[in-house]
$ cat input-v3.txt   # compact mmCIF, N, CA and C atoms
# COMPACT_ATOMS: atom_id res chain seq x y z
N MET A 14 -56.69 2.83 -62.86
CA MET A 14 -55.41 2.74 -62.17
C MET A 14 -55.06 1.27 -61.99
N LYS A 15 -53.81 0.97 -62.26
CA LYS A 15 -53.29 -0.37 -62.07
C LYS A 15 -52.02 -0.26 -61.25
N THR A 16 -51.75 -1.25 -60.42
CA THR A 16 -50.55 -1.25 -59.58
C THR A 16 -49.78 -2.52 -59.83
N TRP A 17 -48.46 -2.38 -59.84
CA TRP A 17 -47.57 -3.52 -60.03
C TRP A 17 -46.38 -3.34 -59.12
N ILE A 18 -45.92 -4.43 -58.50
CA ILE A 18 -44.78 -4.41 -57.58
C ILE A 18 -43.59 -5.11 -58.22
N SER A 19 -42.42 -4.49 -58.12
CA SER A 19 -41.18 -5.08 -58.60
C SER A 19 -40.21 -5.22 -57.43
N THR A 20 -39.52 -6.33 -57.38
CA THR A 20 -38.54 -6.54 -56.31
C THR A 20 -37.10 -6.48 -56.82
N CYS A 21 -36.92 -6.30 -58.15
CA CYS A 21 -35.56 -6.22 -58.70
C CYS A 21 -35.60 -5.63 -60.10
N THR A 22 -34.45 -5.26 -60.59
CA THR A 22 -34.33 -4.67 -61.92
C THR A 22 -34.86 -5.60 -63.00
N ASP A 23 -34.54 -6.90 -62.90
CA ASP A 23 -35.02 -7.85 -63.92
C ASP A 23 -36.54 -7.88 -63.99
N GLU A 24 -37.21 -7.82 -62.85
CA GLU A 24 -38.68 -7.81 -62.84
C GLU A 24 -39.20 -6.52 -63.47
N THR A 25 -38.56 -5.40 -63.17
CA THR A 25 -38.96 -4.13 -63.76
C THR A 25 -38.85 -4.20 -65.27
N GLU A 26 -37.75 -4.70 -65.78
CA GLU A 26 -37.56 -4.80 -67.22
C GLU A 26 -38.56 -5.78 -67.85
N ARG A 27 -38.84 -6.88 -67.19
CA ARG A 27 -39.79 -7.86 -67.70
C ARG A 27 -41.20 -7.26 -67.78
N PHE A 28 -41.60 -6.55 -66.73
CA PHE A 28 -42.89 -5.88 -66.71
C PHE A 28 -42.98 -4.86 -67.86
N ALA A 29 -41.93 -4.07 -68.05
CA ALA A 29 -41.92 -3.05 -69.09
C ALA A 29 -41.98 -3.67 -70.49
N ARG A 30 -41.34 -4.83 -70.67
CA ARG A 30 -41.42 -5.53 -71.96
C ARG A 30 -42.86 -5.90 -72.27
N GLN A 31 -43.58 -6.38 -71.26
CA GLN A 31 -44.99 -6.73 -71.44
C GLN A 31 -45.83 -5.48 -71.69
N PHE A 32 -45.56 -4.43 -70.92
CA PHE A 32 -46.29 -3.18 -71.05
C PHE A 32 -46.13 -2.61 -72.46
N ALA A 33 -44.97 -2.77 -73.06
CA ALA A 33 -44.69 -2.24 -74.40
C ALA A 33 -45.69 -2.77 -75.42
N GLN A 34 -46.22 -3.96 -75.20
CA GLN A 34 -47.16 -4.54 -76.15
C GLN A 34 -48.49 -3.78 -76.21
N THR A 35 -48.75 -2.92 -75.22
CA THR A 35 -49.99 -2.15 -75.19
C THR A 35 -49.86 -0.81 -75.91
N LEU A 36 -48.67 -0.47 -76.35
CA LEU A 36 -48.41 0.85 -76.92
C LEU A 36 -48.70 0.90 -78.41
N LYS A 37 -48.99 2.10 -78.88
CA LYS A 37 -49.23 2.33 -80.29
C LYS A 37 -48.48 3.60 -80.70
N PRO A 38 -48.32 3.84 -81.99
CA PRO A 38 -47.63 5.06 -82.42
C PRO A 38 -48.30 6.30 -81.80
N GLY A 39 -47.48 7.18 -81.27
CA GLY A 39 -47.98 8.38 -80.63
C GLY A 39 -48.19 8.25 -79.13
N SER A 40 -47.94 7.08 -78.56
CA SER A 40 -48.07 6.90 -77.11
C SER A 40 -47.06 7.77 -76.38
N VAL A 41 -47.50 8.38 -75.28
CA VAL A 41 -46.63 9.20 -74.44
C VAL A 41 -46.71 8.64 -73.03
N ILE A 42 -45.55 8.30 -72.48
CA ILE A 42 -45.47 7.73 -71.14
C ILE A 42 -44.68 8.69 -70.26
N ALA A 43 -45.31 9.15 -69.19
CA ALA A 43 -44.69 10.08 -68.25
C ALA A 43 -44.30 9.31 -66.99
N LEU A 44 -43.01 9.21 -66.73
CA LEU A 44 -42.51 8.52 -65.54
C LEU A 44 -42.27 9.53 -64.43
N TYR A 45 -42.78 9.19 -63.25
CA TYR A 45 -42.63 10.03 -62.06
C TYR A 45 -41.91 9.22 -61.00
N GLY A 46 -40.90 9.82 -60.35
CA GLY A 46 -40.20 9.13 -59.27
C GLY A 46 -38.79 9.65 -59.15
N GLY A 47 -38.28 9.66 -57.95
CA GLY A 47 -36.96 10.20 -57.65
C GLY A 47 -35.82 9.34 -58.15
N LEU A 48 -34.63 9.76 -57.78
CA LEU A 48 -33.40 9.04 -58.15
C LEU A 48 -33.46 7.59 -57.69
N GLY A 49 -32.98 6.71 -58.56
CA GLY A 49 -32.86 5.31 -58.19
C GLY A 49 -34.16 4.55 -58.09
N ARG A 50 -35.21 5.04 -58.67
CA ARG A 50 -36.52 4.37 -58.58
C ARG A 50 -36.72 3.31 -59.66
N GLY A 51 -35.90 3.33 -60.70
CA GLY A 51 -36.03 2.32 -61.76
C GLY A 51 -36.59 2.85 -63.07
N LYS A 52 -36.54 4.17 -63.26
CA LYS A 52 -37.08 4.75 -64.49
C LYS A 52 -36.32 4.27 -65.72
N THR A 53 -35.01 4.32 -65.68
CA THR A 53 -34.22 3.91 -66.84
C THR A 53 -34.33 2.40 -67.06
N ALA A 54 -34.40 1.62 -66.00
CA ALA A 54 -34.61 0.17 -66.15
C ALA A 54 -35.94 -0.10 -66.84
N PHE A 55 -36.96 0.68 -66.48
CA PHE A 55 -38.26 0.53 -67.12
C PHE A 55 -38.14 0.83 -68.62
N VAL A 56 -37.45 1.91 -68.97
CA VAL A 56 -37.30 2.27 -70.38
C VAL A 56 -36.50 1.20 -71.12
N ARG A 57 -35.50 0.64 -70.47
CA ARG A 57 -34.71 -0.43 -71.09
C ARG A 57 -35.61 -1.62 -71.43
N GLY A 58 -36.47 -2.02 -70.51
CA GLY A 58 -37.40 -3.11 -70.78
C GLY A 58 -38.41 -2.76 -71.86
N LEU A 59 -38.89 -1.53 -71.83
CA LEU A 59 -39.83 -1.05 -72.84
C LEU A 59 -39.21 -1.14 -74.23
N ALA A 60 -37.96 -0.68 -74.34
CA ALA A 60 -37.26 -0.74 -75.63
C ALA A 60 -37.12 -2.18 -76.11
N ARG A 61 -36.78 -3.08 -75.21
CA ARG A 61 -36.65 -4.50 -75.60
C ARG A 61 -38.00 -5.06 -76.03
N GLY A 62 -39.07 -4.64 -75.35
CA GLY A 62 -40.40 -5.08 -75.73
C GLY A 62 -40.83 -4.59 -77.10
N LEU A 63 -40.24 -3.50 -77.55
CA LEU A 63 -40.50 -2.96 -78.89
C LEU A 63 -39.41 -3.39 -79.88
N HIS A 64 -38.65 -4.40 -79.50
CA HIS A 64 -37.61 -5.02 -80.33
C HIS A 64 -36.50 -4.06 -80.74
N SER A 65 -36.14 -3.17 -79.85
CA SER A 65 -35.02 -2.27 -80.09
C SER A 65 -33.71 -2.99 -79.85
N THR A 66 -32.74 -2.69 -80.68
CA THR A 66 -31.40 -3.24 -80.49
C THR A 66 -30.46 -2.17 -79.93
N SER A 67 -31.02 -0.99 -79.63
CA SER A 67 -30.22 0.12 -79.13
C SER A 67 -29.81 -0.09 -77.68
N GLU A 68 -28.67 0.48 -77.32
CA GLU A 68 -28.21 0.51 -75.93
C GLU A 68 -28.98 1.63 -75.22
N VAL A 69 -29.71 1.28 -74.18
CA VAL A 69 -30.53 2.26 -73.46
C VAL A 69 -29.78 2.76 -72.23
N SER A 70 -29.69 4.08 -72.12
CA SER A 70 -29.07 4.70 -70.95
C SER A 70 -29.82 5.98 -70.63
N SER A 71 -29.60 6.49 -69.45
CA SER A 71 -30.26 7.72 -69.05
C SER A 71 -29.78 8.88 -69.91
N PRO A 72 -30.72 9.67 -70.45
CA PRO A 72 -30.32 10.78 -71.30
C PRO A 72 -30.05 12.07 -70.51
N THR A 73 -29.55 11.95 -69.31
CA THR A 73 -29.38 13.09 -68.42
C THR A 73 -28.67 14.26 -69.07
N PHE A 74 -27.58 14.04 -69.75
CA PHE A 74 -26.82 15.15 -70.32
C PHE A 74 -27.21 15.44 -71.77
N ALA A 75 -27.74 14.45 -72.48
CA ALA A 75 -28.15 14.66 -73.86
C ALA A 75 -29.60 15.17 -73.93
N LEU A 76 -30.37 15.00 -72.89
CA LEU A 76 -31.78 15.35 -72.77
C LEU A 76 -32.71 14.41 -73.51
N VAL A 77 -32.29 13.88 -74.66
CA VAL A 77 -33.12 12.92 -75.38
C VAL A 77 -32.23 11.92 -76.11
N HIS A 78 -32.66 10.66 -76.07
CA HIS A 78 -32.03 9.60 -76.86
C HIS A 78 -33.11 9.03 -77.77
N GLU A 79 -32.71 8.65 -78.96
CA GLU A 79 -33.61 8.00 -79.90
C GLU A 79 -33.18 6.54 -80.05
N TYR A 80 -34.17 5.63 -79.98
CA TYR A 80 -33.90 4.21 -80.12
C TYR A 80 -34.71 3.65 -81.27
N ASP A 81 -34.16 2.65 -81.93
CA ASP A 81 -34.88 1.96 -82.99
C ASP A 81 -35.88 0.99 -82.36
N GLY A 82 -36.63 0.30 -83.17
CA GLY A 82 -37.58 -0.69 -82.67
C GLY A 82 -38.78 -0.78 -83.58
N ASP A 83 -39.80 -1.51 -83.16
CA ASP A 83 -41.02 -1.62 -83.94
C ASP A 83 -41.60 -0.24 -84.23
N MET A 84 -41.43 0.66 -83.29
CA MET A 84 -41.76 2.07 -83.43
C MET A 84 -40.56 2.83 -82.89
N PRO A 85 -40.25 4.01 -83.42
CA PRO A 85 -39.15 4.76 -82.82
C PRO A 85 -39.50 5.14 -81.38
N ILE A 86 -38.48 5.14 -80.54
CA ILE A 86 -38.65 5.47 -79.12
C ILE A 86 -37.82 6.73 -78.85
N PHE A 87 -38.47 7.72 -78.23
CA PHE A 87 -37.82 8.97 -77.89
C PHE A 87 -37.81 9.09 -76.37
N HIS A 88 -36.63 8.98 -75.79
CA HIS A 88 -36.44 8.88 -74.34
C HIS A 88 -35.90 10.21 -73.82
N PHE A 89 -36.74 10.93 -73.09
CA PHE A 89 -36.39 12.26 -72.57
C PHE A 89 -36.04 12.20 -71.10
N ASP A 90 -35.13 13.06 -70.68
CA ASP A 90 -34.83 13.30 -69.27
C ASP A 90 -35.09 14.78 -69.02
N MET A 91 -36.10 15.09 -68.22
CA MET A 91 -36.50 16.47 -67.97
C MET A 91 -35.98 17.01 -66.64
N TYR A 92 -35.00 16.33 -66.06
CA TYR A 92 -34.48 16.73 -64.75
C TYR A 92 -34.04 18.19 -64.71
N ARG A 93 -33.39 18.64 -65.76
CA ARG A 93 -32.85 20.01 -65.78
C ARG A 93 -33.78 21.03 -66.44
N ILE A 94 -34.96 20.60 -66.85
CA ILE A 94 -35.90 21.50 -67.52
C ILE A 94 -36.68 22.27 -66.46
N GLN A 95 -36.65 23.60 -66.57
CA GLN A 95 -37.30 24.42 -65.55
C GLN A 95 -38.32 25.40 -66.11
N SER A 96 -38.44 25.49 -67.44
CA SER A 96 -39.37 26.46 -68.01
C SER A 96 -39.88 25.93 -69.35
N LEU A 97 -40.90 26.59 -69.87
CA LEU A 97 -41.42 26.23 -71.18
C LEU A 97 -40.36 26.48 -72.25
N ASP A 98 -39.58 27.53 -72.12
CA ASP A 98 -38.50 27.79 -73.08
C ASP A 98 -37.49 26.64 -73.08
N ASP A 99 -37.13 26.15 -71.88
CA ASP A 99 -36.22 25.01 -71.78
C ASP A 99 -36.81 23.80 -72.51
N LEU A 100 -38.10 23.57 -72.30
CA LEU A 100 -38.76 22.42 -72.92
C LEU A 100 -38.76 22.56 -74.44
N TYR A 101 -39.07 23.73 -74.95
CA TYR A 101 -39.03 23.95 -76.40
C TYR A 101 -37.64 23.67 -76.95
N SER A 102 -36.60 24.04 -76.21
CA SER A 102 -35.23 23.87 -76.70
C SER A 102 -34.85 22.40 -76.87
N THR A 103 -35.57 21.48 -76.23
CA THR A 103 -35.29 20.04 -76.38
C THR A 103 -35.86 19.47 -77.66
N GLY A 104 -36.78 20.19 -78.30
CA GLY A 104 -37.47 19.66 -79.47
C GLY A 104 -38.64 18.77 -79.09
N PHE A 105 -39.02 18.77 -77.82
CA PHE A 105 -40.05 17.87 -77.29
C PHE A 105 -41.32 17.91 -78.14
N PHE A 106 -41.83 19.07 -78.45
CA PHE A 106 -43.11 19.17 -79.17
C PHE A 106 -43.00 18.64 -80.59
N ASP A 107 -41.83 18.75 -81.19
CA ASP A 107 -41.61 18.16 -82.51
C ASP A 107 -41.64 16.63 -82.43
N TYR A 108 -41.04 16.08 -81.39
CA TYR A 108 -41.03 14.63 -81.22
C TYR A 108 -42.43 14.08 -81.03
N LEU A 109 -43.31 14.83 -80.38
CA LEU A 109 -44.69 14.38 -80.19
C LEU A 109 -45.39 14.14 -81.52
N GLU A 110 -45.01 14.87 -82.53
CA GLU A 110 -45.64 14.75 -83.85
C GLU A 110 -45.04 13.65 -84.71
N MET A 111 -43.99 12.99 -84.22
CA MET A 111 -43.28 11.99 -85.03
C MET A 111 -43.89 10.60 -84.93
N ARG A 112 -44.93 10.44 -84.14
CA ARG A 112 -45.70 9.19 -84.04
C ARG A 112 -44.89 7.98 -83.57
N GLY A 113 -43.89 8.26 -82.75
CA GLY A 113 -43.18 7.17 -82.09
C GLY A 113 -43.72 7.04 -80.68
N VAL A 114 -42.97 6.40 -79.83
CA VAL A 114 -43.30 6.30 -78.41
C VAL A 114 -42.40 7.29 -77.68
N VAL A 115 -43.00 8.21 -76.96
CA VAL A 115 -42.25 9.20 -76.19
C VAL A 115 -42.30 8.77 -74.73
N VAL A 116 -41.12 8.62 -74.12
CA VAL A 116 -41.02 8.24 -72.71
C VAL A 116 -40.26 9.34 -71.99
N ILE A 117 -40.83 9.82 -70.90
CA ILE A 117 -40.28 10.99 -70.22
C ILE A 117 -39.90 10.66 -68.78
N GLU A 118 -38.62 10.79 -68.46
CA GLU A 118 -38.19 10.70 -67.07
C GLU A 118 -38.28 12.10 -66.46
N TRP A 119 -38.54 12.16 -65.17
CA TRP A 119 -38.67 13.41 -64.43
C TRP A 119 -39.84 14.25 -64.99
N SER A 120 -40.95 13.60 -65.22
CA SER A 120 -42.14 14.26 -65.74
C SER A 120 -42.69 15.31 -64.79
N GLU A 121 -42.32 15.22 -63.53
CA GLU A 121 -42.75 16.22 -62.55
C GLU A 121 -42.42 17.63 -63.01
N ASN A 122 -41.31 17.77 -63.72
CA ASN A 122 -40.83 19.09 -64.13
C ASN A 122 -41.58 19.68 -65.31
N VAL A 123 -42.35 18.86 -66.02
CA VAL A 123 -43.05 19.34 -67.22
C VAL A 123 -44.52 18.94 -67.25
N ALA A 124 -45.05 18.52 -66.13
CA ALA A 124 -46.40 17.95 -66.07
C ALA A 124 -47.44 18.85 -66.71
N GLN A 125 -47.34 20.15 -66.50
CA GLN A 125 -48.36 21.06 -67.03
C GLN A 125 -48.31 21.19 -68.55
N TYR A 126 -47.26 20.70 -69.19
CA TYR A 126 -47.11 20.82 -70.63
C TYR A 126 -47.34 19.50 -71.37
N LEU A 127 -47.67 18.44 -70.65
CA LEU A 127 -47.84 17.14 -71.29
C LEU A 127 -49.16 17.09 -72.05
N PRO A 128 -49.20 16.34 -73.14
CA PRO A 128 -50.42 16.29 -73.95
C PRO A 128 -51.52 15.46 -73.28
N ASP A 129 -52.73 15.64 -73.77
CA ASP A 129 -53.84 14.79 -73.31
C ASP A 129 -53.53 13.36 -73.70
N GLY A 130 -54.05 12.42 -72.94
CA GLY A 130 -53.89 11.01 -73.26
C GLY A 130 -52.60 10.39 -72.79
N VAL A 131 -51.79 11.14 -72.07
CA VAL A 131 -50.52 10.61 -71.57
C VAL A 131 -50.79 9.50 -70.55
N VAL A 132 -49.94 8.49 -70.55
CA VAL A 132 -49.99 7.43 -69.54
C VAL A 132 -48.98 7.81 -68.47
N GLU A 133 -49.46 7.98 -67.24
CA GLU A 133 -48.58 8.32 -66.12
C GLU A 133 -48.21 7.05 -65.36
N ILE A 134 -46.93 6.91 -65.07
CA ILE A 134 -46.46 5.81 -64.24
C ILE A 134 -45.68 6.41 -63.09
N HIS A 135 -46.21 6.24 -61.88
CA HIS A 135 -45.58 6.74 -60.66
C HIS A 135 -44.84 5.57 -60.02
N ILE A 136 -43.56 5.79 -59.74
CA ILE A 136 -42.72 4.74 -59.16
C ILE A 136 -42.34 5.18 -57.75
N ASP A 137 -42.77 4.37 -56.78
CA ASP A 137 -42.54 4.68 -55.38
C ASP A 137 -41.81 3.54 -54.69
N LEU A 138 -40.99 3.89 -53.71
CA LEU A 138 -40.38 2.88 -52.86
C LEU A 138 -41.43 2.34 -51.91
N THR A 139 -41.27 1.10 -51.50
CA THR A 139 -42.14 0.52 -50.48
C THR A 139 -41.30 0.32 -49.21
N ASP A 140 -41.89 -0.30 -48.22
CA ASP A 140 -41.17 -0.56 -46.96
C ASP A 140 -40.16 -1.70 -47.09
N ARG A 141 -40.24 -2.46 -48.16
CA ARG A 141 -39.34 -3.59 -48.36
C ARG A 141 -38.12 -3.18 -49.18
N GLU A 142 -36.98 -3.70 -48.82
CA GLU A 142 -35.74 -3.38 -49.51
C GLU A 142 -35.82 -3.76 -50.99
N ASN A 143 -35.39 -2.87 -51.87
CA ASN A 143 -35.35 -3.05 -53.32
C ASN A 143 -36.71 -3.15 -54.00
N GLU A 144 -37.78 -2.98 -53.26
CA GLU A 144 -39.11 -3.10 -53.85
C GLU A 144 -39.64 -1.75 -54.30
N ARG A 145 -40.26 -1.74 -55.48
CA ARG A 145 -40.87 -0.54 -56.02
C ARG A 145 -42.32 -0.83 -56.37
N ARG A 146 -43.16 0.18 -56.20
CA ARG A 146 -44.57 0.11 -56.60
C ARG A 146 -44.74 0.99 -57.83
N PHE A 147 -45.22 0.38 -58.90
CA PHE A 147 -45.53 1.09 -60.13
C PHE A 147 -47.04 1.28 -60.17
N THR A 148 -47.49 2.53 -60.18
CA THR A 148 -48.90 2.83 -60.28
C THR A 148 -49.13 3.49 -61.63
N ILE A 149 -49.99 2.87 -62.42
CA ILE A 149 -50.20 3.31 -63.79
C ILE A 149 -51.57 3.95 -63.91
N TYR A 150 -51.55 5.18 -64.39
CA TYR A 150 -52.77 5.94 -64.64
C TYR A 150 -52.80 6.20 -66.14
N ASP A 151 -53.86 5.73 -66.80
CA ASP A 151 -53.98 6.04 -68.22
C ASP A 151 -55.33 6.69 -68.46
N GLU A 152 -55.58 7.09 -69.70
CA GLU A 152 -56.80 7.82 -70.00
C GLU A 152 -58.04 7.01 -69.68
N ASP A 153 -57.97 5.66 -69.73
CA ASP A 153 -59.12 4.84 -69.41
C ASP A 153 -59.40 4.81 -67.92
N SER A 154 -58.35 4.97 -67.10
CA SER A 154 -58.54 4.86 -65.66
C SER A 154 -58.65 6.20 -64.98
N CYS A 155 -58.36 7.29 -65.69
CA CYS A 155 -58.40 8.63 -65.08
C CYS A 155 -59.74 9.31 -65.29
N GLY A 156 -60.52 8.85 -66.25
CA GLY A 156 -61.73 9.57 -66.63
C GLY A 156 -62.86 9.31 -65.76

$ encode --input "input-v3.txt" --output "structure tokens"
Amino acid sequence: MKTWISTCTDETERFARQFAQTLKPGSVIALYGGLGRGKTAFVRGLARGLHSTSEVSSPTFALVHEYDGDMPIFHFDMYRIQSLDDLYSTGFFDYLEMRGVVVIEWSENVAQYLPDGVVEIHIDLTDRENERRFTIYDEDSCG
């Protein structure tokens, strides 16, 4: 487990750019945290760290956005997913086989269906205004 504190969007994006350097094809990142926690800002930084030129936005209504980069990035929003059938309808399991980087917002809704080896990032508010705590759990720290 690793913890990182961000006090603004720019710091979140900078941290995510650095974090992107640790990823490899097939990496799956599950983001946990409520509205306004910085999930999309994190994905924006991650995309920049993988040299994407795509415009990153929340895929709330599209469910998934694809971004270019050193590896393809598949950005899911699972906010409206409530069942395994819903998850299948997004094409999620097909994307896992495409060997890109899969990043999932609202992972709480699909946690039981995530593959082994997923990197979990929990984003929590702290007592300080605009500050977020990123707690990273990966296969090396969970075992």

$ select_by_dssp --input "input-v3.txt" --residues "stretch 14-150 of chain A" --states "strand (DSSP E or B)" --output "PyMOL selection string"
chain A and resi 15-19+41-45+77-80+86-90+114-118+132-138+145-150

$ select_by_dssp --input "input-v3.txt" --residues "stretch 39-130 of chain A" --states "alpha helix (DSSP H)" --output "ChimeraX atom specification"
/A:52-62,97-102,105-109

$ closest_residue --input "input-v3.txt" --among "A:Gln95, A:Thr35, A:Thr16, A:Thr66" --to "A:Ser120" --atoms "only C-alpha atoms"
A:Gln95

$ closest_residue --input "input-v3.txt" --among "A:Thr53, A:Ser70, A:Gln125, A:Thr148" --to "A:Glu26" --atoms "all atoms listed in the file"
A:Thr53

$ axis_aligned_box --input "input-v3.txt" --around "stretch 103-122 of chain A" --padding-each-side "6 Å" --output "JSON"
{"center_x": -40.5, "center_y": 13.9, "center_z": -73.8, "size_x": 22.4, "size_y": 27.2, "size_z": 34.5}

$ residues_around --input "input-v3.txt" --residues "A:Glu144" --least-positions-apart "4" --cutoff "7 Å" --atoms "only C-alpha atoms" --output "list in words"
Ile18, Ser19, Thr20, Cys21, Leu138 and Thr139 of chain A

$ residues_around --input "input-v3.txt" --residues "stretch 36-47 of chain A" --least-positions-apart "2" --cutoff "8 Å" --atoms "all atoms listed in the file" --output "number ranges by chain"
A: 31-34, 49-52, 84-85, 108-121, 128-138

$ closest_atom_pairs --input "input-v3.txt" --of "stretch 41-69 of chain A" --to "stretch 77-81 of chain A" --cutoff "8 Å" --atoms "only N, CA and C atoms" --output "JSON lines"
{"residue": "A:Ala60", "atom": "CA", "partner": "A:Asp81", "partner_atom": "C", "distance": 7.1}
{"residue": "A:Leu63", "atom": "C", "partner": "A:Asp81", "partner_atom": "C", "distance": 6.1}
{"residue": "A:His64", "atom": "C", "partner": "A:Asp81", "partner_atom": "C", "distance": 5.3}
{"residue": "A:Ser65", "atom": "CA", "partner": "A:Asp81", "partner_atom": "C", "distance": 4.1}
{"residue": "A:Thr66", "atom": "N", "partner": "A:Asp81", "partner_atom": "C", "distance": 5.1}
{"residue": "A:Ser67", "atom": "N", "partner": "A:Asp81", "partner_atom": "N", "distance": 5.3}
{"residue": "A:Glu68", "atom": "N", "partner": "A:Tyr80", "partner_atom": "CA", "distance": 7.0}
{"residue": "A:Val69", "atom": "CA", "partner": "A:Tyr80", "partner_atom": "CA", "distance": 7.7}

$ atom_distance --input "input-v3.txt" --atom1 "atom CA of A:Ala75" --atom2 "atom CA of A:Arg93"
10.8 Å

$ closest_residue --input "input-v3.txt" --among "A:Ala29, A:Ile86, A:Met91, A:Leu76" --to "A:Leu59" --atoms "only N, CA and C atoms"
A:Ala29

$ atom_distance --input "input-v3.txt" --atom1 "atom C of A:Asp98" --atom2 "atom N of A:Ala124"
13.1 Å

$ atom_distance --input "input-v3.txt" --atom1 "atom C of A:Thr22" --atom2 "atom C of A:Phe147"
14.3 Å

$ closest_residue --input "input-v3.txt" --among "A:Tyr150, A:Tyr126, A:Phe55, A:Trp17" --to "A:Arg30" --atoms "only N, CA and C atoms"
A:Phe55

$ closest_residue --input "input-v3.txt" --among "A:Val56, A:Val123, A:Ile149, A:Leu48" --to "A:Leu100" --atoms "only N, CA and C atoms"
A:Val123

$ closest_residue --input "input-v3.txt" --among "A:Asp23, A:Leu97, A:Ser71, A:Arg61" --to "A:Asp83" --atoms "only C-alpha atoms"
A:Arg61

$ build_atoms --input "input-v3.txt" --residues "stretch 119-125 of chain A" --atoms "all heavy atoms" --output "compact mmCIF listing (two decimals), keeping the file's coordinate frame"
# COMPACT_ATOMS: atom_id res chain seq x y z
N TRP A 119 -38.54 12.16 -65.17
CA TRP A 119 -38.67 13.41 -64.43
C TRP A 119 -39.84 14.25 -64.99
O TRP A 119 -39.75 15.46 -65.17
CB TRP A 119 -37.36 14.21 -64.42
CG TRP A 119 -36.28 13.49 -63.68
CD1 TRP A 119 -35.28 12.75 -64.23
CD2 TRP A 119 -36.13 13.39 -62.27
NE1 TRP A 119 -34.51 12.21 -63.24
CE2 TRP A 119 -35.01 12.59 -62.02
CE3 TRP A 119 -36.84 13.91 -61.18
CZ2 TRP A 119 -34.57 12.28 -60.74
CZ3 TRP A 119 -36.40 13.61 -59.90
CH2 TRP A 119 -35.28 12.80 -59.69
N SER A 120 -40.95 13.60 -65.22
CA SER A 120 -42.14 14.26 -65.74
C SER A 120 -42.69 15.31 -64.79
O SER A 120 -43.42 16.21 -65.21
CB SER A 120 -43.22 13.22 -66.05
OG SER A 120 -42.80 12.40 -67.12
N GLU A 121 -42.32 15.22 -63.53
CA GLU A 121 -42.75 16.22 -62.55
C GLU A 121 -42.42 17.63 -63.01
O GLU A 121 -43.16 18.57 -62.73
CB GLU A 121 -42.05 16.00 -61.19
CG GLU A 121 -42.33 14.67 -60.52
CD GLU A 121 -41.38 13.55 -60.93
OE1 GLU A 121 -40.78 13.61 -62.02
OE2 GLU A 121 -41.26 12.58 -60.17
N ASN A 122 -41.31 17.77 -63.72
CA ASN A 122 -40.83 19.09 -64.13
C ASN A 122 -41.58 19.68 -65.31
O ASN A 122 -41.44 20.87 -65.59
CB ASN A 122 -39.34 19.04 -64.44
CG ASN A 122 -38.52 18.75 -63.20
OD1 ASN A 122 -39.01 18.79 -62.08
ND2 ASN A 122 -37.25 18.45 -63.40
N VAL A 123 -42.35 18.86 -66.02
CA VAL A 123 -43.05 19.34 -67.22
C VAL A 123 -44.52 18.94 -67.25
O VAL A 123 -45.18 19.03 -68.28
CB VAL A 123 -42.34 18.84 -68.51
CG1 VAL A 123 -40.93 19.42 -68.61
CG2 VAL A 123 -42.33 17.33 -68.58
N ALA A 124 -45.05 18.52 -66.13
CA ALA A 124 -46.40 17.95 -66.07
C ALA A 124 -47.44 18.85 -66.71
O ALA A 124 -48.35 18.37 -67.41
CB ALA A 124 -46.77 17.63 -64.63
N GLN A 125 -47.34 20.15 -66.50
CA GLN A 125 -48.36 21.06 -67.03
C GLN A 125 -48.31 21.19 -68.55
O GLN A 125 -49.24 21.71 -69.16
CB GLN A 125 -48.28 22.44 -66.37
CG GLN A 125 -47.05 23.24 -66.71
CD GLN A 125 -45.91 23.04 -65.71
OE1 GLN A 125 -45.73 21.97 -65.14
NE2 GLN A 125 -45.15 24.10 -65.49
